[in-house]
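Below you'll find the structure, written out as structure tokens, and then a few comments.
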Amino acid sequence: MLGRSGAPTGSAAGVRSPDPGASPSDATALVVYPLTALISDIHSNRQALAVVLADAAERGVRRYVCLGDVIGYGGRPAECLERIMEVTGTGTHPDGSPRTTALDVNGNEVERGLCLLGNHEQALMQSAEDFNPRARAAIEWTREKIGEGGERYWNYIGELRPTECDDRAQFAHGSPRDPVKEYVLPSDARNPKKLAAMFGAQQRDVCFVGHSHVPAVYYADQRFFAPSGTEGPYRVLSNPGERAIINIGSVGQPRDRDTRSSYVLFDGDAVTFVRIAYDVAGAQADIREHAALPEYLAERLGEGR
């Protein structure tokens, strides 16, 4: 249950929402932070990415940060990589020249962002031996498709970093402790040992992650908040000494039984969770177009799992 006052709500497990009513401190107000769209786990889903980027541009986003897993599972890896390079201002142009500016989907210049290494990018460059057979089949097919684009995509993926920080937040694909592979899951809110280890490795008071495909906010004291739709803005840190890990969910393959894409807006102080519908059937058709991609990967998009 959403607690608009920020007071504890729900069960004895300590579920509460972030505080939407708290005012930023004077120090916070002096800092200019670009409205940032945090996106993750696109998984070669061009339809979902297009809808999210269009929505973000309409909301006035000035910077894009991708937490990894641009590729894997879906049928349009190269197109999604190209779009991420464009909106983050990273990588190179098709002619091989370095990108010096970032452009949103409307062609407007925005601040340069960043893209991180996800476990699917790592598997593409190294090995997918620890993936399940369906995910491994998708990586093998993706490796062939990326190869058709020449060295440019390989060079880009090979230069992605597992974690980055700015003045306000840390960004990772998995967790602060293991930026590429560790999952942060709702059950972890009841695992004080794991929470302590993750927060102990955290480099900023807020760390944004993806990987699990389930949007949520985790606090070091085991408080936990799971948004149910588009909600916010919420000031996540309201009290001195608080720290939070925020899972932004998945753009291209949500797994919380909600088929809508999930992403987060961050203004340096408050977050807004956004859920938005996209052309699921179109994304399924992109997968089914390629016999090497398992049918299951298309089916699960229609169920949000």
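In the structure tokens, each chain is lettered A, B, ... as it comes, each chain's residues begin at 1, and ligands are numbered from 1 in order of appearance.
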Contacts of segment 176-188 of chain A at 8 Å (only C-alpha atoms; same-chain gap of 4+ positions) as an mmCIF file with N, CA and C atoms, in the first residue's frame:
data_model
loop_
_atom_site.group_PDB
_atom_site.id
_atom_site.type_symbol
_atom_site.label_atom_id
_atom_site.label_comp_id
_atom_site.auth_asym_id
_atom_site.auth_seq_id
_atom_site.Cartn_x
_atom_site.Cartn_y
_atom_site.Cartn_z
ATOM 1 N N LEU A 117 28.113 -2.134 -18.391
ATOM 2 C CA LEU A 117 28.226 -3.541 -18.779
ATOM 3 C C LEU A 117 27.207 -4.372 -18.015
ATOM 4 N N GLY A 118 26.359 -5.094 -18.734
ATOM 5 C CA GLY A 118 25.442 -6.041 -18.113
ATOM 6 C C GLY A 118 25.972 -7.456 -18.255
ATOM 7 N N ASN A 119 25.320 -8.400 -17.597
ATOM 8 C CA ASN A 119 25.810 -9.774 -17.678
ATOM 9 C C ASN A 119 25.638 -10.369 -19.081
ATOM 10 N N PRO A 162 31.598 -1.830 -15.527
ATOM 11 C CA PRO A 162 30.562 -2.473 -14.719
ATOM 12 C C PRO A 162 29.829 -1.535 -13.761
ATOM 13 N N THR A 163 30.453 -0.446 -13.354
ATOM 14 C CA THR A 163 29.787 0.494 -12.446
ATOM 15 C C THR A 163 30.376 1.877 -12.635
ATOM 16 N N GLN A 170 25.389 6.013 -7.367
ATOM 17 C CA GLN A 170 26.162 4.962 -8.014
ATOM 18 C C GLN A 170 25.225 4.236 -8.971
ATOM 19 N N ALA A 172 24.889 0.581 -11.279
ATOM 20 C CA ALA A 172 25.411 -0.762 -11.526
ATOM 21 C C ALA A 172 24.315 -1.590 -12.173
ATOM 22 N N PRO A 192 19.159 -9.798 6.165
ATOM 23 C CA PRO A 192 20.036 -8.735 6.674
ATOM 24 C C PRO A 192 21.508 -8.941 6.345
ATOM 25 N N LYS A 194 22.840 -10.323 3.579
ATOM 26 C CA LYS A 194 23.086 -9.899 2.198
ATOM 27 C C LYS A 194 22.964 -8.389 2.062
ATOM 28 N N LEU A 195 21.956 -7.808 2.704
ATOM 29 C CA LEU A 195 21.801 -6.361 2.651
ATOM 30 C C LEU A 195 23.041 -5.657 3.183
ATOM 31 N N ALA A 197 26.085 -6.697 3.308
ATOM 32 C CA ALA A 197 27.210 -6.853 2.386
ATOM 33 C C ALA A 197 27.061 -5.920 1.181
ATOM 34 N N MET A 198 25.857 -5.808 0.652
ATOM 35 C CA MET A 198 25.650 -4.945 -0.507
ATOM 36 C C MET A 198 25.822 -3.478 -0.129
ATOM 37 N N PHE A 199 25.183 -3.068 0.962
ATOM 38 C CA PHE A 199 25.313 -1.671 1.363
ATOM 39 C C PHE A 199 26.728 -1.336 1.807
ATOM 40 N N GLY A 200 27.453 -2.325 2.315
ATOM 41 C CA GLY A 200 28.839 -2.102 2.688
ATOM 42 C C GLY A 200 29.732 -1.793 1.511
ATOM 43 N N ALA A 201 29.345 -2.273 0.338
ATOM 44 C CA ALA A 201 30.130 -2.030 -0.875
ATOM 45 C C ALA A 201 29.660 -0.800 -1.638
ATOM 46 N N GLN A 202 28.579 -0.179 -1.194
ATOM 47 C CA GLN A 202 27.974 0.926 -1.934
ATOM 48 C C GLN A 202 28.837 2.176 -1.826
ATOM 49 N N GLN A 203 28.993 2.885 -2.939
ATOM 50 C CA GLN A 203 29.880 4.043 -2.999
ATOM 51 C C GLN A 203 29.159 5.383 -2.870
ATOM 52 N N CYS A 207 22.125 3.825 -4.849
ATOM 53 C CA CYS A 207 22.660 3.036 -5.954
ATOM 54 C C CYS A 207 21.499 2.526 -6.792
ATOM 55 N N HIS A 211 18.869 -5.728 -13.630
ATOM 56 C CA HIS A 211 19.220 -7.149 -13.595
ATOM 57 C C HIS A 211 18.091 -8.079 -13.174
ATOM 58 N N SER A 212 17.372 -7.769 -12.094
ATOM 59 C CA SER A 212 16.297 -8.664 -11.650
ATOM 60 C C SER A 212 15.005 -8.428 -12.420
ATOM 61 N N VAL A 214 12.716 -6.357 -11.705
ATOM 62 C CA VAL A 214 11.612 -6.084 -10.781
ATOM 63 C C VAL A 214 11.874 -4.756 -10.063
ATOM 64 N N ALA A 216 11.897 -1.804 -7.409
ATOM 65 C CA ALA A 216 11.726 -1.785 -5.956
ATOM 66 C C ALA A 216 12.762 -0.863 -5.329
ATOM 67 N N PHE A 224 11.303 -1.765 2.678
ATOM 68 C CA PHE A 224 11.188 -2.175 1.280
ATOM 69 C C PHE A 224 9.934 -1.553 0.686
ATOM 70 N N ASN A 247 16.017 -0.541 -7.573
ATOM 71 C CA ASN A 247 15.949 -1.344 -8.793
ATOM 72 C C ASN A 247 14.953 -0.685 -9.727
#
Each segment 58-79 of chain A residue no farther than 8 Å from segment 128-142 of chain A, nearest pair in Å, only C-alpha atoms, as a Markdown table:
| residue | atom | partner | partner_atom | distance |
| --- | --- | --- | --- | --- |
| A:Ile71 | CA | A:Thr142 | CA | 7.5 |
| A:Gly72 | CA | A:Ile139 | CA | 5.7 |
| A:Tyr73 | CA | A:Ala138 | CA | 5.2 |
| A:Gly74 | CA | A:Ala138 | CA | 7.6 |
| A:Pro77 | CA | A:Thr142 | CA | 6.8 |
Grab the residues selected above and save them as an mmCIF file, in the first residue's frame with C-alpha atoms.
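This is the output file part-v8.cif:
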data_model
loop_
_atom_site.group_PDB
_atom_site.id
_atom_site.type_symbol
_atom_site.label_atom_id
_atom_site.label_comp_id
_atom_site.auth_asym_id
_atom_site.auth_seq_id
_atom_site.Cartn_x
_atom_site.Cartn_y
_atom_site.Cartn_z
ATOM 1 C CA ILE A 71 21.234 -7.089 -25.872
ATOM 2 C CA GLY A 72 20.125 -10.688 -25.287
ATOM 3 C CA TYR A 73 16.768 -12.478 -25.649
ATOM 4 C CA GLY A 74 15.167 -10.197 -28.256
ATOM 5 C CA PRO A 77 20.244 -6.178 -30.823
#
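Distances to His173 of chain A were evaluated for A:Arg204, A:His120, A:Arg243, A:Arg112 using only C-alpha atoms, and the minimum falls at A:His120.
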For this session: Considering only C-alpha atoms, return as a list of chain:residue names whatever protein or nucleic-acid residues lie within 8 Å of Pro215 of chain A, sequence-local ones (same chain, fewer than 6 positions apart) excluded.
Result: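 What passes the distance filter is A:Ala226, A:Pro227, A:Ile246, A:Asn247, A:Ile248, A:Gly249, A:Ser250, A:Ser262.
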Could those residues be written to a file, using N, CA and C atoms, as a PDB file, in the first residue's frame?
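Output (again.pdb):
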ATOM      1  N   ALA A 226       7.714  -1.457  -3.085  1.00  0.00           N
ATOM      2  CA  ALA A 226       7.528  -1.943  -4.456  1.00  0.00           C
ATOM      3  C   ALA A 226       6.447  -1.108  -5.133  1.00  0.00           C
ATOM      4  N   PRO A 227       6.798  -0.287  -6.119  1.00  0.00           N
ATOM      5  CA  PRO A 227       5.785   0.510  -6.813  1.00  0.00           C
ATOM      6  C   PRO A 227       4.872  -0.385  -7.642  1.00  0.00           C
ATOM      7  N   ILE A 246      18.000   1.157  -5.444  1.00  0.00           N
ATOM      8  CA  ILE A 246      16.770   1.298  -6.218  1.00  0.00           C
ATOM      9  C   ILE A 246      16.868   0.459  -7.473  1.00  0.00           C
ATOM     10  N   ASN A 247      16.017  -0.541  -7.573  1.00  0.00           N
ATOM     11  CA  ASN A 247      15.949  -1.344  -8.793  1.00  0.00           C
ATOM     12  C   ASN A 247      14.953  -0.685  -9.727  1.00  0.00           C
ATOM     13  N   ILE A 248      15.404  -0.374 -10.937  1.00  0.00           N
ATOM     14  CA  ILE A 248      14.568   0.399 -11.856  1.00  0.00           C
ATOM     15  C   ILE A 248      13.694  -0.471 -12.757  1.00  0.00           C
ATOM     16  N   GLY A 249      13.809  -1.794 -12.614  1.00  0.00           N
ATOM     17  CA  GLY A 249      13.009  -2.678 -13.446  1.00  0.00           C
ATOM     18  C   GLY A 249      13.592  -2.817 -14.842  1.00  0.00           C
ATOM     19  N   SER A 250      12.806  -3.322 -15.756  1.00  0.00           N
ATOM     20  CA  SER A 250      13.277  -3.642 -17.109  1.00  0.00           C
ATOM     21  C   SER A 250      12.458  -2.929 -18.178  1.00  0.00           C
ATOM     22  N   SER A 262       9.348  -0.700 -17.717  1.00  0.00           N
ATOM     23  CA  SER A 262       9.621   0.008 -16.468  1.00  0.00           C
ATOM     24  C   SER A 262      10.912   0.800 -16.589  1.00  0.00           C
TER      25      SER A 262
END
For this session: Compare A:Gly107, A:Pro34, A:Pro94, A:Gly268 by their minimum atom-to-atom distance to Phe208 of chain A, counting only C-alpha atoms, and give me the closest one.
Result: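 For Phe208 of chain A, the nearest of the candidates is A:Gly268.
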Exercise. For Gly302 of chain A, which residue out of A:Ser175, A:Ser127, A:Gln284, A:Ser40 is the nearest one, using only C-alpha atoms?
Worked result: A:Gln284
Would you please give, as an mmCIF file with C-alpha atoms, in the first residue's frame, all residues of segment 112-210 of chain A that DSSP assigns to strand (DSSP E or B) based on the backbone?
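The result, stored in part16.cif:
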data_model
loop_
_atom_site.group_PDB
_atom_site.id
_atom_site.type_symbol
_atom_site.label_atom_id
_atom_site.label_comp_id
_atom_site.auth_asym_id
_atom_site.auth_seq_id
_atom_site.Cartn_x
_atom_site.Cartn_y
_atom_site.Cartn_z
ATOM 1 C CA LEU A 114 26.572 6.510 -19.980
ATOM 2 C CA CYS A 115 25.970 2.823 -20.590
ATOM 3 C CA LEU A 116 27.181 0.051 -18.282
ATOM 4 C CA ARG A 161 32.381 -0.462 -17.424
ATOM 5 C CA THR A 163 29.787 0.494 -12.446
ATOM 6 C CA GLU A 164 29.969 4.287 -12.470
ATOM 7 C CA CYS A 165 29.252 7.111 -10.012
ATOM 8 C CA ALA A 169 24.409 8.176 -7.166
ATOM 9 C CA GLN A 170 26.162 4.962 -8.014
ATOM 10 C CA PHE A 171 25.006 2.992 -11.051
ATOM 11 C CA ALA A 172 25.411 -0.762 -11.526
ATOM 12 C CA VAL A 206 21.810 5.841 -3.543
ATOM 13 C CA CYS A 207 22.660 3.036 -5.954
ATOM 14 C CA PHE A 208 20.510 2.331 -9.013
ATOM 15 C CA VAL A 209 20.475 -1.245 -10.337
#
Problem set entry | Coordinates-based distance that separates atom CA of Asn191 of chain A from atom CA of Gly252 of chain A (Å, one decimal) |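 Separation of atom CA of Gly252 of chain A and atom CA of Asn191 of chain A: 28.3 Å.
Among the candidates A:Arg260, A:Arg300, A:Arg99, A:Arg62, the residue lying nearest to Gly229 of chain A is A:Arg260 (atoms considered: only C-alpha atoms).
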For this session: For Met85 of chain A, work out the shell of residues within 12 Å, counting only C-alpha atoms and skipping chain neighbours fewer than 6 positions away, then give it as a list in words.
Result: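 Contacts, in chain order: Tyr64, Val65, Cys66, Val70, Ala78, Glu79, Gly91, Thr92, His93, Pro94, Pro98, Arg99, Thr100, Thr101, Ala102, Leu103, Asp104, Val105, Arg112, Gly113, Leu114, Cys115, Leu116, Arg152, Tyr153, Tyr156, Ile157 and Leu160 of chain A.
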Please, could you write that set of residues out with C-alpha atoms as a short mmCIF file (atom, residue, chain, number, x, y, z; two decimals), in the first residue's frame?
data_model
loop_
_atom_site.label_atom_id
_atom_site.label_comp_id
_atom_site.auth_asym_id
_atom_site.auth_seq_id
_atom_site.Cartn_x
_atom_site.Cartn_y
_atom_site.Cartn_z
CA TYR A 64 20.10 9.00 -20.25
CA VAL A 65 21.86 6.35 -18.17
CA CYS A 66 21.62 2.70 -19.24
CA VAL A 70 20.99 -3.77 -24.04
CA ALA A 78 22.02 -3.88 -33.30
CA GLU A 79 19.14 -1.42 -33.49
CA GLY A 91 30.49 4.93 -28.79
CA THR A 92 30.92 5.92 -32.41
CA HIS A 93 28.85 6.94 -35.41
CA PRO A 94 28.29 4.39 -38.20
CA PRO A 98 33.46 9.27 -32.07
CA ARG A 99 30.17 10.63 -30.77
CA THR A 100 30.63 14.00 -29.07
CA THR A 101 26.97 14.79 -28.42
CA ALA A 102 23.88 12.94 -27.23
CA LEU A 103 20.53 13.32 -28.97
CA ASP A 104 17.09 12.35 -27.74
CA VAL A 105 14.54 10.70 -30.03
CA ARG A 112 26.06 12.98 -22.43
CA GLY A 113 25.10 9.96 -20.36
CA LEU A 114 26.57 6.51 -19.98
CA CYS A 115 25.97 2.82 -20.59
CA LEU A 116 27.18 0.05 -18.28
CA ARG A 152 32.28 -1.06 -34.04
CA TYR A 153 29.80 -2.88 -31.81
CA TYR A 156 31.76 -0.46 -27.87
CA ILE A 157 30.69 -3.41 -25.74
CA LEU A 160 31.66 -0.75 -21.14
#
Exercise. Among segment 96-130 of chain A, which ones does DSSP place in alpha helix (DSSP H), written as a ChimeraX atom specification?
Worked result: /A:119-125
